[in-house]
Structure formats: structure tokens, C-alpha cells
$ cat final05.txt   # compact mmCIF, C-alpha atoms and all ligand atoms
# COMPACT_ATOMS: atom_id res chain seq x y z
CA MET A 185 13.00 -30.94 4.88
CA ASP A 186 10.09 -29.10 3.21
CA TRP A 187 9.78 -25.35 2.63
CA LYS A 188 7.95 -24.81 5.93
CA ASP A 189 10.87 -26.24 7.92
CA ALA A 190 13.29 -24.14 5.89
CA LEU A 191 11.23 -21.03 6.64
CA LEU A 192 11.48 -21.65 10.38
CA ASN A 193 15.26 -21.14 10.11
CA ILE A 194 14.84 -17.64 8.72
CA VAL A 195 13.22 -16.10 11.78
CA THR A 196 16.17 -15.45 14.07
CA GLN A 197 15.28 -12.20 15.85
CA PRO A 198 13.10 -12.23 19.01
CA SER A 199 10.81 -9.54 17.57
CA SER A 200 10.26 -11.43 14.30
CA ARG A 201 7.22 -13.69 13.89
CA LEU A 202 6.15 -16.60 11.70
CA ARG A 203 2.66 -18.08 11.43
CA PHE A 204 1.25 -20.67 9.06
CA GLU A 205 -2.25 -20.54 7.52
CA GLU A 206 -2.71 -16.92 8.50
CA PRO A 207 -5.98 -15.17 7.53
CA LEU A 208 -5.00 -12.19 5.40
CA ALA A 209 -8.34 -10.44 5.94
CA LYS A 210 -6.98 -9.18 9.24
CA HIS A 211 -3.94 -7.69 7.53
CA THR A 212 -5.90 -5.65 4.98
CA TYR A 213 -8.04 -2.53 5.34
CA PHE A 214 -10.72 -4.20 3.21
CA GLY A 215 -11.01 -7.00 5.78
CA ILE A 216 -11.41 -9.44 2.89
CA GLY A 217 -9.50 -12.51 1.73
CA GLY A 218 -8.52 -16.07 2.57
CA GLU A 219 -5.39 -17.39 4.22
CA ALA A 220 -1.75 -17.07 3.26
CA ALA A 221 0.17 -20.35 3.48
CA ALA A 222 2.51 -18.45 5.82
CA TYR A 223 2.87 -14.94 7.22
CA ILE A 224 6.15 -13.59 8.48
CA GLU A 225 7.16 -10.37 10.19
CA ILE A 226 10.86 -9.72 9.80
CA SER A 227 12.94 -7.10 11.48
CA THR A 228 16.44 -7.15 9.94
CA VAL A 229 18.11 -6.87 6.55
CA SER A 230 19.91 -10.17 7.18
CA GLU A 231 16.59 -12.00 7.75
CA LEU A 232 15.23 -10.42 4.57
CA ALA A 233 18.32 -11.57 2.65
CA ALA A 234 17.79 -15.10 4.03
CA LEU A 235 14.19 -14.91 2.80
CA ALA A 236 15.35 -13.87 -0.69
CA ARG A 237 17.72 -16.86 -0.79
CA PHE A 238 14.90 -19.11 0.50
CA HIS A 239 12.68 -17.77 -2.29
CA LYS A 240 15.30 -18.62 -4.91
CA GLN A 241 15.80 -22.13 -3.54
CA TRP A 242 12.16 -23.14 -2.86
CA ASN A 243 10.33 -21.00 -5.39
CA VAL A 244 7.41 -20.37 -3.00
CA PRO A 245 5.62 -17.12 -3.97
CA ILE A 246 6.34 -14.18 -1.67
CA ALA A 247 4.40 -10.91 -1.38
CA VAL A 248 5.39 -7.99 0.79
CA ILE A 249 2.35 -6.56 2.54
CA GLY A 250 2.73 -3.04 3.86
CA ARG A 251 -0.41 -2.04 5.77
CA GLY A 252 -2.72 -3.77 3.26
CA SER A 253 -4.46 -0.45 2.62
CA ASN A 254 -4.36 -0.79 -1.15
CA LEU A 255 -4.84 -4.52 -1.43
CA LEU A 256 -7.62 -6.92 -2.37
CA VAL A 257 -6.85 -10.52 -1.39
CA SER A 258 -8.63 -13.39 -3.16
CA ASP A 259 -11.30 -15.39 -1.32
CA THR A 260 -9.13 -18.47 -1.77
CA GLY A 261 -6.17 -16.70 -0.19
CA PHE A 262 -2.54 -16.64 -1.27
CA LYS A 263 -0.59 -19.85 -1.75
CA GLY A 264 2.59 -18.20 -0.67
CA ILE A 265 4.19 -16.15 2.09
CA GLY A 266 3.00 -12.70 3.14
CA VAL A 267 5.83 -10.57 4.54
CA ARG A 268 5.65 -7.53 6.77
CA LEU A 269 8.68 -5.36 7.51
CA ILE A 270 9.20 -4.24 11.12
CA GLY A 271 12.13 -3.30 13.41
CA GLU A 272 15.16 -1.87 11.60
CA LEU A 273 13.19 -2.21 8.35
CA ALA A 274 10.73 0.37 9.73
CA LYS A 275 13.36 2.88 10.93
CA LEU A 276 13.15 6.67 10.90
CA GLU A 277 16.38 8.70 11.04
CA VAL A 278 16.64 12.46 10.63
CA ASP A 279 19.83 14.33 9.75
CA GLY A 280 19.03 17.99 9.06
CA ASP A 281 16.62 18.00 6.12
CA VAL A 282 17.62 14.49 5.01
CA VAL A 283 15.40 11.70 6.33
CA SER A 284 16.09 7.95 6.05
CA VAL A 285 13.02 5.77 6.29
CA GLY A 286 12.51 2.02 6.34
CA ALA A 287 9.81 0.60 4.07
CA GLY A 288 7.87 -0.76 7.06
CA LEU A 289 7.37 2.68 8.64
CA SER A 290 3.81 3.99 8.76
CA LEU A 291 3.10 7.04 6.59
CA PRO A 292 0.91 8.79 9.19
CA ARG A 293 3.71 8.37 11.73
CA LEU A 294 6.22 9.83 9.26
CA SER A 295 3.91 12.76 8.56
CA LYS A 296 3.32 13.53 12.26
CA THR A 297 6.99 13.19 13.23
CA MET A 298 8.12 15.46 10.38
CA SER A 299 5.62 18.15 11.34
CA ARG A 300 6.96 18.08 14.91
CA ARG A 301 10.53 18.38 13.57
CA GLY A 302 9.57 21.35 11.36
CA LEU A 303 10.16 19.52 8.09
CA SER A 304 7.73 20.09 5.24
CA GLY A 305 6.88 17.81 2.27
CA VAL A 306 4.84 14.93 3.70
CA GLU A 307 1.91 16.83 5.25
CA PHE A 308 -0.40 15.16 2.71
CA ALA A 309 0.46 11.71 4.09
CA LEU A 310 -1.30 11.85 7.47
CA GLY A 311 -4.55 10.57 5.93
CA ILE A 312 -2.93 7.78 3.89
CA PRO A 313 -2.92 4.67 6.10
CA GLY A 314 -0.11 2.85 4.29
CA SER A 315 3.57 2.09 4.83
CA VAL A 316 6.52 3.83 3.22
CA GLY A 317 7.05 0.70 1.06
CA GLY A 318 3.46 0.76 -0.19
CA ALA A 319 3.72 4.51 -0.81
CA LEU A 320 6.89 4.01 -2.88
CA ILE A 321 5.37 1.17 -4.92
CA MET A 322 2.15 3.15 -5.52
CA ASN A 323 3.67 6.63 -5.56
CA ALA A 324 0.85 7.45 -3.15
CA GLY A 325 -0.31 11.02 -2.95
CA ALA A 326 -3.00 13.57 -2.29
CA TRP A 327 -3.72 17.29 -2.68
CA GLY A 328 -1.36 17.60 -5.65
CA SER A 329 1.65 15.98 -3.91
CA SER A 330 3.03 12.48 -4.41
CA PHE A 331 5.45 10.59 -2.20
CA GLY A 332 7.99 10.27 -5.03
CA ASP A 333 8.32 14.09 -5.11
CA VAL A 334 10.34 14.09 -1.86
CA VAL A 335 12.37 10.92 -2.56
CA THR A 336 16.01 11.29 -3.58
CA ASN A 337 16.95 7.58 -3.40
CA VAL A 338 15.25 4.22 -2.90
CA THR A 339 16.86 1.08 -1.54
CA VAL A 340 15.64 -2.28 -2.79
CA MET A 341 16.71 -5.88 -2.42
CA ASN A 342 16.91 -7.98 -5.57
CA ASP A 343 16.25 -11.71 -6.01
CA ALA A 344 19.95 -12.42 -5.36
CA ALA A 345 19.60 -10.86 -1.86
CA GLU A 346 21.71 -7.84 -2.87
CA MET A 347 20.86 -4.36 -1.64
CA ILE A 348 20.74 -1.78 -4.43
CA GLU A 349 20.41 1.97 -4.12
CA LEU A 350 18.37 3.55 -6.90
CA THR A 351 18.22 7.20 -7.86
CA HIS A 352 14.92 9.07 -8.05
CA ALA A 353 14.95 8.64 -11.85
CA GLU A 354 15.62 4.89 -11.59
CA ALA A 355 12.58 4.47 -9.33
CA LYS A 356 10.42 5.57 -12.31
CA PHE A 357 7.70 7.36 -10.37
CA GLU A 358 4.50 8.01 -12.29
CA TYR A 359 0.92 8.78 -11.27
CA ARG A 360 0.05 6.05 -8.69
CA HIS A 361 2.77 3.81 -10.11
CA SER A 362 6.52 3.23 -9.93
CA GLY A 363 9.00 0.82 -11.47
CA LEU A 364 9.81 -0.66 -8.04
CA ASP A 365 7.58 -3.73 -8.14
CA THR A 366 10.14 -5.56 -10.31
CA TYR A 367 12.43 -6.05 -7.26
CA PHE A 368 12.16 -8.67 -4.51
CA CYS A 369 11.49 -6.02 -1.88
CA VAL A 370 11.63 -2.27 -1.38
CA THR A 371 13.53 -1.73 1.86
CA GLY A 372 13.56 2.05 2.33
CA ALA A 373 14.21 5.50 0.97
CA THR A 374 16.03 8.77 1.53
CA LEU A 375 13.87 11.87 1.52
CA ARG A 376 14.82 15.51 1.26
CA LEU A 377 12.32 17.75 3.05
CA GLU A 378 12.01 21.50 3.36
CA PRO A 379 12.78 23.10 6.76
CA GLY A 380 9.94 25.33 7.94
CA ASP A 381 7.85 26.55 10.82
CA VAL A 382 6.44 23.77 13.05
CA ASP A 383 3.04 25.47 13.54
CA THR A 384 2.57 26.22 9.83
CA ILE A 385 3.49 22.67 8.81
CA THR A 386 1.27 21.14 11.52
CA GLU A 387 -1.68 23.32 10.53
CA ARG A 388 -1.25 22.39 6.84
CA MET A 389 -1.12 18.68 7.76
CA GLN A 390 -4.25 18.94 9.92
CA THR A 391 -6.14 20.92 7.26
CA PHE A 392 -5.43 18.19 4.67
CA TYR A 393 -6.51 15.52 7.14
CA LYS A 394 -9.74 17.34 8.05
CA GLN A 395 -10.63 17.82 4.38
CA LYS A 396 -10.04 14.14 3.75
CA VAL A 397 -12.17 12.96 6.64
CA GLU A 398 -14.97 15.29 5.51
CA THR A 399 -14.97 14.14 1.88
CA GLN A 400 -14.05 10.43 2.06
CA PRO A 401 -15.48 7.46 3.96
CA PHE A 402 -13.44 6.50 7.02
CA ALA A 403 -15.80 4.40 9.13
CA GLU A 404 -16.25 1.39 6.83
CA GLU A 405 -13.59 -1.03 5.62
CA ASN A 406 -12.19 -0.05 2.21
CA ALA A 407 -8.95 0.13 0.24
CA GLY A 408 -8.89 3.81 -0.65
CA CYS A 409 -9.62 4.86 -4.22
CA MET A 410 -10.55 1.84 -6.30
CA PHE A 411 -9.80 3.49 -9.67
CA LYS A 412 -7.07 5.79 -10.97
CA ASN A 413 -8.23 9.23 -12.06
CA PRO A 414 -8.24 9.39 -15.86
CA PRO A 415 -6.15 12.30 -17.27
CA GLY A 416 -7.87 15.62 -16.51
CA ASP A 417 -10.85 14.04 -14.77
CA SER A 418 -11.84 12.33 -11.55
CA ALA A 419 -12.97 8.71 -11.31
CA GLY A 420 -15.28 9.68 -8.41
CA ARG A 421 -17.05 12.27 -10.58
CA LEU A 422 -17.53 9.81 -13.44
CA ILE A 423 -18.95 7.17 -11.08
CA ASP A 424 -21.22 9.80 -9.54
CA ILE A 425 -22.65 11.04 -12.89
CA SER A 426 -23.16 7.40 -13.90
CA GLY A 427 -25.61 7.12 -10.99
CA LEU A 428 -23.63 4.43 -9.17
CA LYS A 429 -23.25 5.88 -5.65
CA GLY A 430 -24.85 3.45 -3.21
CA TYR A 431 -24.96 0.63 -5.81
CA ARG A 432 -24.42 -2.70 -4.09
CA ILE A 433 -23.39 -6.22 -5.06
CA GLY A 434 -23.39 -8.75 -2.22
CA GLY A 435 -21.67 -7.10 0.75
CA ALA A 436 -19.80 -4.52 -1.35
CA GLU A 437 -21.19 -1.04 -1.94
CA VAL A 438 -20.14 2.11 -3.79
CA SER A 439 -19.70 4.75 -1.09
CA THR A 440 -22.41 7.42 -0.99
CA VAL A 441 -19.78 9.85 0.36
CA HIS A 442 -17.20 9.40 -2.45
CA GLY A 443 -17.96 7.30 -5.55
CA ASN A 444 -14.38 6.09 -5.99
CA PHE A 445 -14.47 4.10 -2.75
CA ILE A 446 -15.90 0.58 -2.57
CA LEU A 447 -16.90 -0.36 0.96
CA ASN A 448 -17.07 -3.72 2.64
CA ILE A 449 -20.35 -3.06 4.41
CA ASP A 450 -21.55 -6.59 5.11
CA ASN A 451 -18.97 -9.39 4.97
CA ALA A 452 -18.16 -8.69 1.33
CA THR A 453 -16.15 -11.27 -0.57
CA ALA A 454 -13.39 -10.46 -3.04
CA ALA A 455 -15.77 -11.78 -5.71
CA ASP A 456 -18.41 -9.19 -4.65
CA VAL A 457 -15.79 -6.43 -4.97
CA LEU A 458 -14.57 -7.59 -8.39
CA ASN A 459 -18.15 -7.97 -9.69
CA LEU A 460 -18.85 -4.42 -8.53
CA VAL A 461 -15.61 -3.18 -10.14
CA ALA A 462 -16.60 -4.79 -13.47
CA TYR A 463 -20.12 -3.33 -13.24
CA ILE A 464 -18.78 0.18 -12.53
CA GLN A 465 -16.30 -0.06 -15.43
CA GLN A 466 -19.04 -1.18 -17.82
CA GLN A 467 -21.53 1.49 -16.71
CA VAL A 468 -18.98 4.34 -16.78
CA ARG A 469 -17.78 3.22 -20.24
CA GLU A 470 -21.35 3.15 -21.57
CA LYS A 471 -22.30 6.52 -20.08
CA THR A 472 -19.07 8.50 -20.59
CA GLY A 473 -16.93 6.53 -23.05
CA ILE A 474 -14.07 6.40 -20.48
CA SER A 475 -12.43 3.14 -19.37
CA LEU A 476 -11.52 3.24 -15.67
CA GLN A 477 -8.34 1.43 -14.60
CA THR A 478 -8.07 -0.02 -11.10
CA GLU A 479 -5.58 1.42 -8.58
CA VAL A 480 -6.02 -1.26 -5.89
CA LYS A 481 -3.55 -4.16 -6.16
CA ARG A 482 -4.65 -7.80 -6.10
CA LEU A 483 -3.09 -10.75 -4.35
CA GLY A 484 -3.87 -14.45 -4.79
CA PHE A 485 -5.62 -14.10 -8.13
CA ASP A 486 -4.21 -15.56 -11.35
CA THR A 487 -2.78 -12.22 -12.36
CA LYS A 488 -1.27 -9.55 -10.13
CA VAL A 489 -2.73 -6.18 -11.21
C1 LIG B 1 -8.99 5.11 4.00
C2 LIG B 1 -7.92 5.08 2.94
C3 LIG B 1 -7.49 6.27 2.38
C4 LIG B 1 -6.51 6.27 1.38
N1 LIG B 1 -6.12 7.46 0.83
C5 LIG B 1 -5.16 7.48 -0.11
C6 LIG B 1 -4.71 8.71 -0.70
O1 LIG B 1 -5.16 9.79 -0.34
N2 LIG B 1 -3.75 8.65 -1.65
C7 LIG B 1 -3.20 7.48 -2.06
O2 LIG B 1 -2.33 7.49 -2.92
N3 LIG B 1 -3.61 6.29 -1.53
C8 LIG B 1 -4.56 6.27 -0.58
N4 LIG B 1 -4.97 5.07 -0.04
C9 LIG B 1 -4.39 3.82 -0.55
C10 LIG B 1 -3.16 3.32 0.21
O3 LIG B 1 -3.16 3.78 1.55
C11 LIG B 1 -1.86 3.73 -0.47
O4 LIG B 1 -1.78 3.22 -1.78
C12 LIG B 1 -0.64 3.22 0.33
O5 LIG B 1 0.53 3.77 -0.21
C13 LIG B 1 -0.52 1.70 0.31
O6 LIG B 1 0.45 1.33 1.26
P1 LIG B 1 0.39 -0.08 2.00
O7 LIG B 1 1.59 -0.17 2.85
O8 LIG B 1 -0.90 -0.26 2.68
O9 LIG B 1 0.51 -1.05 0.76
P2 LIG B 1 -0.20 -2.46 0.59
O10 LIG B 1 -1.65 -2.25 0.33
O11 LIG B 1 0.17 -3.36 1.69
O12 LIG B 1 0.49 -2.95 -0.75
C14 LIG B 1 0.29 -2.28 -1.99
C15 LIG B 1 1.24 -2.90 -3.01
O13 LIG B 1 2.59 -2.58 -2.65
C16 LIG B 1 3.36 -3.76 -2.46
N5 LIG B 1 4.31 -3.48 -1.37
C17 LIG B 1 4.05 -2.90 -0.18
N6 LIG B 1 5.19 -2.75 0.51
C18 LIG B 1 6.19 -3.23 -0.26
C19 LIG B 1 7.60 -3.36 -0.10
N7 LIG B 1 8.22 -2.91 0.98
N8 LIG B 1 8.30 -3.92 -1.11
C20 LIG B 1 7.70 -4.37 -2.23
N9 LIG B 1 6.36 -4.29 -2.43
C21 LIG B 1 5.62 -3.72 -1.46
C22 LIG B 1 2.36 -4.85 -2.13
O14 LIG B 1 2.86 -6.12 -2.45
C23 LIG B 1 1.19 -4.43 -3.02
O15 LIG B 1 1.39 -4.84 -4.35
C24 LIG B 1 -5.94 5.05 0.95
C25 LIG B 1 -6.38 3.84 1.55
C26 LIG B 1 -7.35 3.86 2.53
C27 LIG B 1 -7.78 2.56 3.15

$ encode --input "final05.txt" --output "C-alpha cells"
Amino acid sequence: MDWKDALLNIVTQPSSRLRFEEPLAKHTYFGIGGEAAAYIEISTVSELAALARFHKQWNVPIAVIGRGSNLLVSDTGFKGIGVRLIGELAKLEVDGDVVSVGAGLSLPRLSKTMSRRGLSGVEFALGIPGSVGGALIMNAGAWGSSFGDVVTNVTVMNDAAEMIELTHAEAKFEYRHSGLDTYFCVTGATLRLEPGDVDTITERMQTFYKQKVETQPFAEENAGCMFKNPPGDSAGRLIDISGLKGYRIGGAEVSTVHGNFILNIDNATAADVLNLVAYIQQQVREKTGISLQTEVKRLGFDTKV
């Protein structure tokens, strides 16, 4: 039996899916990247535990892909298994002001549902097209709020297929970073939100969304902000004053709407994007003395950034 046969045994639920040689471009907002050796959608904790044990036994690389909205996949693809969490791993349960969410749940859905329930704290998340898992890993945020701010606990699975509940402090939330990527998989979180008026919360959520749509590119494929904001400054501003808006390499272009977004405007390759990233970093360093660090994660390259 090879690893592909062994993987077939993991998918036990009717809603779960397994495909081999799956193009990852269609699972990322960038629309870029080669194939994964396999792609699996799993819907239960027990399937995920079986996958962790499989990983230990066969040592095939595994990467959880949320919505692929902060991900650049290599042109040569990923010689491993891409995993998406669905079903009970994308749950949403509300008990008063305490909300339990699965890592596979979509952030915009969470934001909309909470506004309808009159719970405040995730209004900023309507315009962030990721999953709860991706938002926990990245500590995603906007308008001065970050996802970690409303998280009381995070559940993860370790390499031994054990579920562990971490406190807020143990999750180590920082600006667009957490300590959660050391675990096999983030499975969910408990949030504490603030009860409030449905109309006020909904209006706040819609105002954030409108501002985002007006100031950031939404039509073209991209992966959100390419660079982290340096302390006290904005990467978009630095790229703008370096004269790089509209600069293009291959099919990748610096957005003319917001300099911190790289767009796939014409069948860009991952190599086009990385060449553009390197060019921006060099130009911004020369013109401002500041070294920009990337925010977008990479998959299928030699190093995972
Ligand atoms: C148009 C647009 C606007 C955006 N605006 C914002 C914004 O305002 N603020 C902001 O912070 N971000 C923004 N982003 C970036 C992105 O949406 C966020 O970083 C989001 O949290 C990523 O979630 P995801 O599910 O897509 O993660 P992915 O891109 O799928 O993955 C990101 C990383 O997390 C890992 N990961 C994902 N899920 C899990 C899991 N369950 N367990 C373990 N590892 C996991 C992946 O392996 C990868 O390393 C934007 C992106 C786009 C395309």
C-alpha cells in the first residue's frame, strides 16, 4: 500500500472529498499556483485525527488551506496534501455572548451572523475573505481591531492527533501573527462578544465594508495586503511615495488603488509575484530606508514564510 491508498481510508464521511493532482490556483484568491499531490475536504474531528496519524506514519507534507486569501502557491505546486475544513469543523454555535466557531467557518459569514444576533466585536471581518482558522493564524484585522482581541480560547490538534485547548495568552497573538502555526491544525475558537443593538452593529459593519471597497481593489485576483505595515507607518504609503503604483512584472501589477496590493491581472505566475515583491522591497529600502516584510504566506516553496 502506498500513501495514496492509505489516504483513501481517511475519508469516511459522505460530505468529505478527496482528489489527487488538484490545481491549487482554484483554491486561492490569487488564482496562482500548480497542483497539490492531493486535496482533501474533511468534515469531522475523527477524520482530522486520522489524517494526523497518517501524517506521522507516511510523512507526506500537509498544509491546511482556509480560503486561500493570504496564500501564494508555487508554480510547481505543493508535493503534499492540501486540507480544507468543512462540516462540524466549520460550525457556529452561540450561547449568550459566547460564540464557538470551527476553523473552517467563513469570516464574512461570522460577521454577518453576529450582527444579526446583536453581538459586537467582529464587524471589521465582513471584508476579510478568509476562514476563522486563517484569521487565527494571521491574527487578521482591520480598522484597529484584530481577530485575537475577541478570542478567549483556541482549540488545536497536535501531531499526535490530540485536541488541546489553549488560552488567549498561549495563542501568542501579535500584529498579523500568532504562535498557532506550530500545531498540526487549528480547529476552532471560543469568542466573547459584546451584546448590543442590531441596527448599530449592522451599520458599523456595513460602514467598514463600504470604506474597504472604496479604498482597496476588489475586482482583480489578489491576496490582500502583500506587506506588513512597519511600526507607525503604512506599507501602502511607502510603496506609493516610492512611485511603484501600477508597476508591473509579467502578469503581476502593483494596484493603482492601494499600493500594498499586488494583482494578478494577466495570468501572473508565482515567479512574477515574487520578482515584483523583491523589486518593491529593494525600491522602498533605497528610497525610505525601510525594509518591508511580507504578510502573505507561501506554499510549495523551499521555505514557508
Ligand atoms: C480582498 C482581500 C482583502 C483582505 N483584507 C484583509 C484585511 O483587511 N485584514 C487582514 O488581516 N487580512 C486581509 N486579507 C488577507 C486574508 O483574508 C486574511 O489573512 C485571512 O485571515 C486569511 O484566511 P484564509 O482562511 O484565507 O487563510 P489561508 O490564506 O488559506 O491561509 C493562511 C495561512 O494560514 C494557514 N491556515 C489556514 N487555516 C488553518 C488552520 N485551520 N490550521 C492551521 N493553519 C491554517 C495556512 O496554512 C496558511 O499558512 C485580505 C485578503 C483579500 C484577498

$ residues_near_ligand --input "final05.txt" --ligand "ligand LIG 1 (chain B)" --cutoff "6 Å" --atoms "all atoms listed in the file" --output "PyMOL selection string"
chain A and resi 213+247-255+287+312-315+317-319+321-322+324-326+365+369-371+402+406-408+481

$ closest_residue --input "final05.txt" --among "A:Leu202, A:Leu192, A:Ile474, A:Val316" --to "A:Gly416" --atoms "all atoms listed in the file"
A:Ile474

$ residues_around --input "final05.txt" --residues "stretch 438-449 of chain A" --least-positions-apart "3" --cutoff "6 Å" --atoms "only C-alpha atoms" --output "number ranges by chain"
A: 400, 405-406, 408-410, 420, 423-424, 429-431, 435, 452

$ residues_around --input "final05.txt" --residues "A:Met389" --least-positions-apart "4" --cutoff "12 Å" --atoms "all atoms listed in the file" --output "PyMOL selection string"
chain A and resi 292+294-300+302-312+326-327+382-385+393-396

$ atom_distance --input "final05.txt" --atom1 "atom CA of A:Arg376" --atom2 "atom CA of A:Phe331"
11.1 Å

$ closest_residue --input "final05.txt" --among "A:Gln197, A:Ser426, A:Thr212, A:Asn413" --to "A:Gly473" --atoms "all atoms listed in the file"
A:Ser426

$ closest_residue --input "final05.txt" --among "A:Leu232, A:Ile425, A:Val334, A:Leu483" --to "A:Leu377" --atoms "all atoms listed in the file"
A:Val334

$ atom_distance --input "final05.txt" --atom1 "atom CA of A:Glu387" --atom2 "atom CA of A:Ser284"
23.9 Å

$ closest_residue --input "final05.txt" --among "A:Thr374, A:Ser418, A:Ser230, A:Asn243" --to "A:Val195" --atoms "all atoms listed in the file"
A:Ser230

$ residues_near_point --input "final05.txt" --point "(22.6, -4.5, -4.3)" --cutoff "12 Å" --atoms "all atoms listed in the file" --output "list in words"
Val229, Ala233, Val338, Thr339, Val340, Met341, Asn342, Asp343, Ala344, Ala345, Glu346, Met347, Ile348, Glu349, Leu350, Tyr367, Phe368, Cys369, Val370 and Thr371 of chain A

$ axis_aligned_box --input "final05.txt" --around "stretch 359-367 of chain A" --padding-each-side "5 Å" --output "lines of an AutoDock Vina configuration file"
center_x = 6.2
center_y = 1.4
center_z = -9.4
size_x = 22.4
size_y = 24.8
size_z = 14.2

$ atom_distance --input "final05.txt" --atom1 "atom CA of A:Asp279" --atom2 "atom CA of A:Gly380"
14.9 Å

$ residues_near_point --input "final05.txt" --point "(-19.2, 0.1, -15.7)" --cutoff "12 Å" --atoms "only C-alpha atoms" --output "mmCIF file with C-alpha atoms, in the coordinates of the input"
data_model
loop_
_atom_site.group_PDB
_atom_site.id
_atom_site.type_symbol
_atom_site.label_atom_id
_atom_site.label_comp_id
_atom_site.auth_asym_id
_atom_site.auth_seq_id
_atom_site.Cartn_x
_atom_site.Cartn_y
_atom_site.Cartn_z
ATOM 1 C CA PHE A 411 -9.800 3.490 -9.670
ATOM 2 C CA ALA A 419 -12.970 8.710 -11.310
ATOM 3 C CA LEU A 422 -17.530 9.810 -13.440
ATOM 4 C CA ILE A 423 -18.950 7.170 -11.080
ATOM 5 C CA ASP A 424 -21.220 9.800 -9.540
ATOM 6 C CA ILE A 425 -22.650 11.040 -12.890
ATOM 7 C CA SER A 426 -23.160 7.400 -13.900
ATOM 8 C CA GLY A 427 -25.610 7.120 -10.990
ATOM 9 C CA LEU A 428 -23.630 4.430 -9.170
ATOM 10 C CA TYR A 431 -24.960 0.630 -5.810
ATOM 11 C CA LEU A 458 -14.570 -7.590 -8.390
ATOM 12 C CA ASN A 459 -18.150 -7.970 -9.690
ATOM 13 C CA LEU A 460 -18.850 -4.420 -8.530
ATOM 14 C CA VAL A 461 -15.610 -3.180 -10.140
ATOM 15 C CA ALA A 462 -16.600 -4.790 -13.470
ATOM 16 C CA TYR A 463 -20.120 -3.330 -13.240
ATOM 17 C CA ILE A 464 -18.780 0.180 -12.530
ATOM 18 C CA GLN A 465 -16.300 -0.060 -15.430
ATOM 19 C CA GLN A 466 -19.040 -1.180 -17.820
ATOM 20 C CA GLN A 467 -21.530 1.490 -16.710
ATOM 21 C CA VAL A 468 -18.980 4.340 -16.780
ATOM 22 C CA ARG A 469 -17.780 3.220 -20.240
ATOM 23 C CA GLU A 470 -21.350 3.150 -21.570
ATOM 24 C CA LYS A 471 -22.300 6.520 -20.080
ATOM 25 C CA THR A 472 -19.070 8.500 -20.590
ATOM 26 C CA GLY A 473 -16.930 6.530 -23.050
ATOM 27 C CA ILE A 474 -14.070 6.400 -20.480
ATOM 28 C CA SER A 475 -12.430 3.140 -19.370
ATOM 29 C CA LEU A 476 -11.520 3.240 -15.670
ATOM 30 C CA GLN A 477 -8.340 1.430 -14.600
#

$ residues_around --input "final05.txt" --residues "A:Ala220" --least-positions-apart "4" --cutoff "12 Å" --atoms "only C-alpha atoms" --output "compact mmCIF listing (two decimals) with C-alpha atoms, keeping the file's coordinate frame"
# COMPACT_ATOMS: atom_id res chain seq x y z
CA LEU A 202 6.15 -16.60 11.70
CA ARG A 203 2.66 -18.08 11.43
CA PHE A 204 1.25 -20.67 9.06
CA GLU A 205 -2.25 -20.54 7.52
CA GLU A 206 -2.71 -16.92 8.50
CA PRO A 207 -5.98 -15.17 7.53
CA LEU A 208 -5.00 -12.19 5.40
CA ALA A 209 -8.34 -10.44 5.94
CA LYS A 210 -6.98 -9.18 9.24
CA HIS A 211 -3.94 -7.69 7.53
CA ILE A 224 6.15 -13.59 8.48
CA VAL A 244 7.41 -20.37 -3.00
CA PRO A 245 5.62 -17.12 -3.97
CA ILE A 246 6.34 -14.18 -1.67
CA ALA A 247 4.40 -10.91 -1.38
CA VAL A 248 5.39 -7.99 0.79
CA ILE A 249 2.35 -6.56 2.54
CA VAL A 257 -6.85 -10.52 -1.39
CA SER A 258 -8.63 -13.39 -3.16
CA ASP A 259 -11.30 -15.39 -1.32
CA THR A 260 -9.13 -18.47 -1.77
CA GLY A 261 -6.17 -16.70 -0.19
CA PHE A 262 -2.54 -16.64 -1.27
CA LYS A 263 -0.59 -19.85 -1.75
CA GLY A 264 2.59 -18.20 -0.67
CA ILE A 265 4.19 -16.15 2.09
CA GLY A 266 3.00 -12.70 3.14
CA VAL A 267 5.83 -10.57 4.54
CA LEU A 483 -3.09 -10.75 -4.35
CA GLY A 484 -3.87 -14.45 -4.79
